[in-house]
Each structure stands twice: as C-alpha cells, then as structure tokens.
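Engineer: Just passing along the structure, written as structure tokens.
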There are 2 protein chains.
Amino acid sequence: MKVVIIGSGNVATILAKKLFHANVQIIQVFSKTINHAEELAKQVNATAINSFNNINNSADAYIIAVKDDVIGEIATKLQLHDKLIVHTAGSVSKNILKNSSANFGVLYPIQSIRKNMNLEIDIPFAIDANNNESLEVIQTIVNRISLTSLHYNDEQRFKLHIAAVFACNFVNYLYLQSEMFCQKEGLQFSVLQPLIEETANRLKEFSAKDVVTGPAVRGDFSTIQKHLEILEDYPEQKLVYKTISDLIVKQFQQVKV
Amino acid sequence: MKVVIIGSGNVATILAKKLFHANVQIIQVFSKTINHAEELAKQVNATAINSFNNINNSADAYIIAVKDDVIGEIATKLQLHDKLIVHTAGSVSKNILKNSSANFGVLYPIQSIRKNMNLEIDIPFAIDANNNESLEVIQTIVNRISLTSLHYNDEQRFKLHIAAVFACNFVNYLYLQSEMFCQKEGLQFSVLQPLIEETANRLKEFSAKDVVTGPAVRGDFSTIQKHLEILEDYPEQKLVYKTISDLIVKQFQQVKV
C-alpha cells in the first residue's frame with residue numbers, strides 16, 4: 001500500500017504518522033510551502049514536493065488533508081484517472097473530488113487533531129466512497145490505523161460533524177468562558193479539572209440526560225438569579241448562562257410534567 | 001474525630017463513605033426518611049436517626065449535606081453551641097449557619113457527585129469558616145479525604161460555582177443536545193466519546209483559548225450556514241448553535257484583529 005499525503009497541517013501530520021507506523025508507505029508529502037512538506041516528509045520517510053506536476057502517479061491512494069475551503073482548488077489540479085482520492089473533511093461532499101478520479105471518497109477523523117497529540121489515542125473515522133471497491137480500499141486503510149470506523153454518507157457525515165461541534169467546539173467554548181471568568185476573578189480554574197473530566201467520562205456509562213445536574217435542572221431560580229447578578233459585568237457569559245439555563249428549564253420542566 | 005452526617009443523598013453518601021474509609025468515625029446519619037438514613041448508616045457503621053431530638057451532641061463536626069433550599073430550615077433546628085457545623089453548598093452563604101453554633105463553615109465539593117461514583121476519584125474542596133480555629137478543623141477533615149482544598153470565602157465560592165456550572169452543567173447540556181440530535185438522526189453518539197474525552201483532557205496541558213477549533217473560530221461562514229440549515233427542525237439546537245457561534249466569531253475576530 002502506497003499513499004501520497006496532500007497537506008502538512010494537523011490532520012495530514014497525524015494521518016501520515018499513523019499510517020507510517022502501521023507500515024503503510026508514504027511516498028510523497030505535498031505542501032505549497034516546501035519547508036512544511038519537508039518537515040512532515042522527513043518524519044515518515046517520504047519525499048517532499050510542492051508542485052502538482054511532481055506528484056507520483058503510482059500510489060494506491062491520495063489523501064487530501066487540507067482546510068475545507070482549499071479542497072476544491074486542489075481537486076481541480078489533480079487528474080488521477082482511476083486512482084483512489086479522498087479528503088478528510090466533515091462538512092464537504094465527497095463529490096468535490098468527482099472530476100479528479102473515477103474513484104473517490106472520504107476519510108473523516110472524528111477527533112480534534114493536533115500535530116503533537118499522543119499517537120496512541122484512537123481516532124474513529126467516518127468513511128464514504130462513490131463505489132464499493134473504493135469503500136473497501138478506504139476501509140482497509142482505516143483498519144490499519146483505527147479501531148472504529150463507520151460508513152456514513154455525505155448527509156450523515158455533515159450531521160455527525162454538527163454533533164461534534166456541539167460536543168467539542170462548543171464545549172471548549174464553555175471551558176474558555178469558565179477559564180476567563182476564573183482568571184478575572186482570581187480563582188483557580190484548574191481546580192475544576194477533575195469535575196470536567198468526570199463530566200466527560202460519565203458519558204461512557206450514562207446517557208447525558210441521566211446525569212444532568214445544576215441549578216437550571218433543579219429549577220433553582222434563586223441560584224440562577226444570584227448567578228446572573230454576579231455575571232452583570234460579563235455580558236458574553238451572562239448571555240450564554242441565560243440562554244442555556246432557559247433552554248434547560250424549558251426542557252426539563254417539559255420532561256417532568 | 002467524630003462526625004454526624006445530616007442528609008442521605010449523593011453528597012452525604014460520598015462524604016460519609018470517604019470519611020469512613022479515612023477512619024473518621026461517623027456516629028450518626030440523619031434523614032427525615034429513616035429508611036434513607038439506615039441505608040447510608042449501615043455502610044459507614046453509624047446509627048440512623050430521623051429526629052433532631054436524637055442528634056448526638058458529642059461529635060466534633062456536623063455536616064449538613066442536603067439540597068440548598070432546606071439548609072436554612074435544618075439550621076434553625078440545630079442548636080450546637082460551639083460545635084463545628086458546616087454545609088456543602090456552592091451558592092449558599094456560610095452565615096446561614098450562624099444561629100446554630102459559634103463555629104461554622106463550608107465544605108464544598110468541587111465535583112459532580114453520584115452515590116455510586118468511584119470512591120477513588122479525587123474531590124477538590126473549597127472550604128471556609130467564620131474563624132481560624134474552625135477553618136483548621138475543616139482543613140484537617142478535608143486533608144483526610146482529598147488531595148486539594150482551597151480557602152475561598154462566600155463570594156469566591158459563589159463565583160467558583162458559576163464557573164462549574166459552565167464547565168460541567170452547561171457542558172453536559174451540550175452533550176445532551178448532541179446525543180439527542182444523533183439519536184433522532186440515527187447516528188452513533190458513542191463514536192464521539194474519544195473526541196469528548198480528548199477535549200476535556202487537553203485542558204490539563206493547554207488553556208482552552210489555545211485549543212479552540214471549529215467552523216466559528218475559523219470564521220467558516222459557509223459551514224455555519226450549512227449547519228444552521230440542517231438544524232432547521234431542531235429549534236433548541238439551532239438557537240444554541242447560533243448563539244454560541246455568534247459569540248465565538250465575535251470573540252475570535254476581536255482577538256485576531
């Protein structure tokens with residue numbers, strides 16, 4: 001199995017390293033900036049390139065791991081006939097690749113990926129392809145580097161991406177609001193870390209609806225009111241507090257009635 | 001060290017068990033419902049009581065671990081002279097106990113506590129008291145069962161509780177929205193678990209502001225728009241998505257300018 005990696009960012013780096021460690025041969029790493037390509041290429045025993053003219057046409061798969069809004073531009077520059085080409089985006093259709101090859105698909109990592117993350121952390125993948133043969137090749141690739149993969153079509157993947165935005169991006173925004181508030185008030189945010197981890201880990205065992213807690217779930221309006229008063233000087237936090245508390249009260253009053 | 005536990009819910013149970021395992025003598029467990037008192041009492045080798053008249057007046061500390069809105073009522077029924085009395089609430093002043101004893105304070109567990117949680121999980125505490133002697137006794141108690149405690153006054157504790165509402169209660173609400181959306185769309189929510197845990201664990205190493213990701217942070221308005229269209233039939237999720245995305249865009253555009 002020989003692979004070309006197009007991109008040198010977080011996803012490209014972790015995919016390339018995981019594949020390399022799984023004895024998949026990375027023959028080339030492409031980046032517009034040759035230094036970036038070289039930095040990754042040397043870690044996975046690949047050749048760095050920065051011109052589409054130099055792309056090796058003998059690989060089994062071409063993985064485009066770049067920002068969503070440049071996938072289309074790159075796709076137009078690749079003519080791979082029937083070579084498998086995939087992108088790694090949650091919210092971009094596989095069909096953006098349809099003019100690049102007869103065989104195309106998606107390899108979407110369901111994880112927030114950073115170059116320096118622990119390579120041992122398992123990354124589930126949502127995969128898709130325009131035909132069964134391509135899907136099988138993608139499945140074979142994923143099986144080398146991941147314990148979990150799901151075959152989701154474009155619409156399912158877009159929706160899973162939304163679910164991930166709630167459970168990761170928005171959650172991190174709440175952590176940030178909490179952290180900023182603690183910093184401004186001279187409180188030690190790190191003392192909340194065990195609580196934060198417990199809240200996340202509990203989902204392994206319980207549905208989120210069975211572990212809801214807090215003033216809004218209890219309908220404890222005097223505490224909510226007290227908190228909103230304390231947040232008077234924090235307009236963003238106050239808006240988030242009020243919006244989410246109102247929704248929680250509405251939801252759990254309806255459930256309990 | 002002899003302690004009386006007033007309450008039999010989640011916090012009372014875990015505090016009593018942790019103290020018991022740390023060789024603190026729990027002499028009584030009080031609950032209005034004697035069956036509840038008995039259930040906890042038998043686990044910590046204590047006597048179950050359901051009448052304030054039967055409260056033993058020879059303990060070193062009395063811990064009120066009940067719902068916020070009944071602390072005041074219980075306090076009026078306790079006349080403990082100079083015996084240390086504490087409550088465990090984040091958003092209730094210590095002064096609610098001032099007519100019950102000359103020595104009073106707070107022992108607030110900074111954790112989301114469930115009766116059946118793993119007793120090994122460390123619980124940081126925010127502690128407070130009306131004088132140094134009481135604070136020292138509370139500190140001694142906490143040191144037996146926890147690695148971390150902070151001396152925070154009422155106002156600081158209220159604020160820490162707000163930070164915990166963001167980082168735990170509201171986060172769990174986002175998990176719930178994500179889970180409900182997945183269920184309705186036939187997607188496997190559990191595939192997000194590694195992402196959820198990574199997002200939480202990353203805070204051990206990074207500030208939340210250094211690990212923000214997602215369409216809103218990137219100013220990727222076409223993805224945001226696509227997501228909002230998909231959420232058309234989910235008014236609550238759509239409102240949360242729009243509110244938080246708008247705030248993220250506002251914050252990160254300001255930061256980057």
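The way I read the labels, and the way they are meant: chains A, B, ... in the order of the structure tokens, residue 1 as the first residue of every chain, and ligand 1 as the first ligand shown, with later ones counted on from there.
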Set the distance at 9 Å and use only C-alpha atoms: which residues neighbour Ala48 of chain B once local chain neighbours fewer than 2 positions away are removed? I'd like the list as a list in words.
Structural biologist: Ile27, Gln28, Val29, Phe30, Ser31, Ile34, Asn35, His36, Ala37, Glu38, Glu39, Leu40, Ala41, Lys42, Ala46 and Asn50 of chain B
Engineer: Go ahead and dump the residues you just picked, N, CA, C and O atoms, as a short mmCIF file (atom, residue, chain, number, x, y, z; two decimals), in the first residue's frame.
Structural biologist:
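Output below, filename part.cif:
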data_model
loop_
_atom_site.label_atom_id
_atom_site.label_comp_id
_atom_site.auth_asym_id
_atom_site.auth_seq_id
_atom_site.Cartn_x
_atom_site.Cartn_y
_atom_site.Cartn_z
N ILE B 27 -20.77 8.93 63.62
CA ILE B 27 -21.59 8.37 64.71
C ILE B 27 -23.07 8.32 64.35
O ILE B 27 -23.77 7.41 64.76
N GLN B 28 -23.54 9.28 63.56
CA GLN B 28 -24.96 9.25 63.18
C GLN B 28 -25.14 9.71 61.74
O GLN B 28 -24.38 10.54 61.24
N VAL B 29 -26.19 9.17 61.11
CA VAL B 29 -26.67 9.70 59.83
C VAL B 29 -28.12 10.10 60.02
O VAL B 29 -28.95 9.27 60.43
N PHE B 30 -28.41 11.37 59.75
CA PHE B 30 -29.79 11.86 59.88
C PHE B 30 -30.45 11.97 58.52
O PHE B 30 -29.86 12.48 57.56
N SER B 31 -31.69 11.47 58.43
CA SER B 31 -32.54 11.80 57.29
C SER B 31 -33.98 11.83 57.78
O SER B 31 -34.35 11.06 58.67
N ILE B 34 -36.38 7.64 57.53
CA ILE B 34 -35.48 6.76 58.29
C ILE B 34 -34.85 5.68 57.42
O ILE B 34 -33.68 5.32 57.61
N ASN B 35 -35.59 5.21 56.41
CA ASN B 35 -35.02 4.19 55.51
C ASN B 35 -33.78 4.72 54.79
O ASN B 35 -32.82 3.99 54.58
N HIS B 36 -33.86 5.97 54.39
CA HIS B 36 -32.71 6.58 53.71
C HIS B 36 -31.53 6.70 54.66
O HIS B 36 -30.39 6.42 54.30
N ALA B 37 -31.82 7.12 55.88
CA ALA B 37 -30.74 7.24 56.88
C ALA B 37 -30.13 5.87 57.13
O ALA B 37 -28.89 5.73 57.21
N GLU B 38 -30.97 4.85 57.23
CA GLU B 38 -30.47 3.49 57.52
C GLU B 38 -29.60 2.96 56.39
O GLU B 38 -28.58 2.31 56.63
N GLU B 39 -30.03 3.25 55.16
CA GLU B 39 -29.27 2.73 54.02
C GLU B 39 -27.83 3.24 54.04
O GLU B 39 -26.89 2.47 53.79
N LEU B 40 -27.67 4.54 54.34
CA LEU B 40 -26.31 5.07 54.41
C LEU B 40 -25.61 4.64 55.70
O LEU B 40 -24.44 4.26 55.70
N ALA B 41 -26.34 4.71 56.81
CA ALA B 41 -25.74 4.43 58.13
C ALA B 41 -25.08 3.06 58.17
O ALA B 41 -23.97 2.90 58.68
N LYS B 42 -25.76 2.07 57.59
CA LYS B 42 -25.21 0.70 57.66
C LYS B 42 -23.89 0.57 56.88
O LYS B 42 -23.07 -0.28 57.18
N ALA B 46 -22.73 3.57 61.26
CA ALA B 46 -23.30 4.66 62.06
C ALA B 46 -24.72 4.30 62.51
O ALA B 46 -25.29 3.30 62.09
N ASN B 50 -33.91 9.97 62.57
CA ASN B 50 -34.76 10.84 61.75
C ASN B 50 -35.44 11.93 62.60
O ASN B 50 -36.40 12.54 62.16
#
Engineer: For a quick test of understanding: name the residues of chain B lying within 7 Å of chain A when counting only C-alpha atoms, and present them as number ranges by chain.
Structural biologist: B: 91, 110-112, 124, 160, 162-172, 174-176, 178, 181-182, 187, 191-192, 194-197, 199-201, 208-209, 212-214, 223, 227, 244
Engineer: Please measure the separation of atom CA of Glu120 of chain A and atom CA of Lys18 of chain A, giving the value in Å to one decimal.
Structural biologist: 8.9 Å
Engineer: Near segment 3-5 of chain B, within 8 Å and counting only C-alpha atoms, which residues show up once chain neighbours fewer than 6 positions away are dropped, as a ChimeraX atom specification?
Structural biologist: /B:12,16,24-30,56,59-65
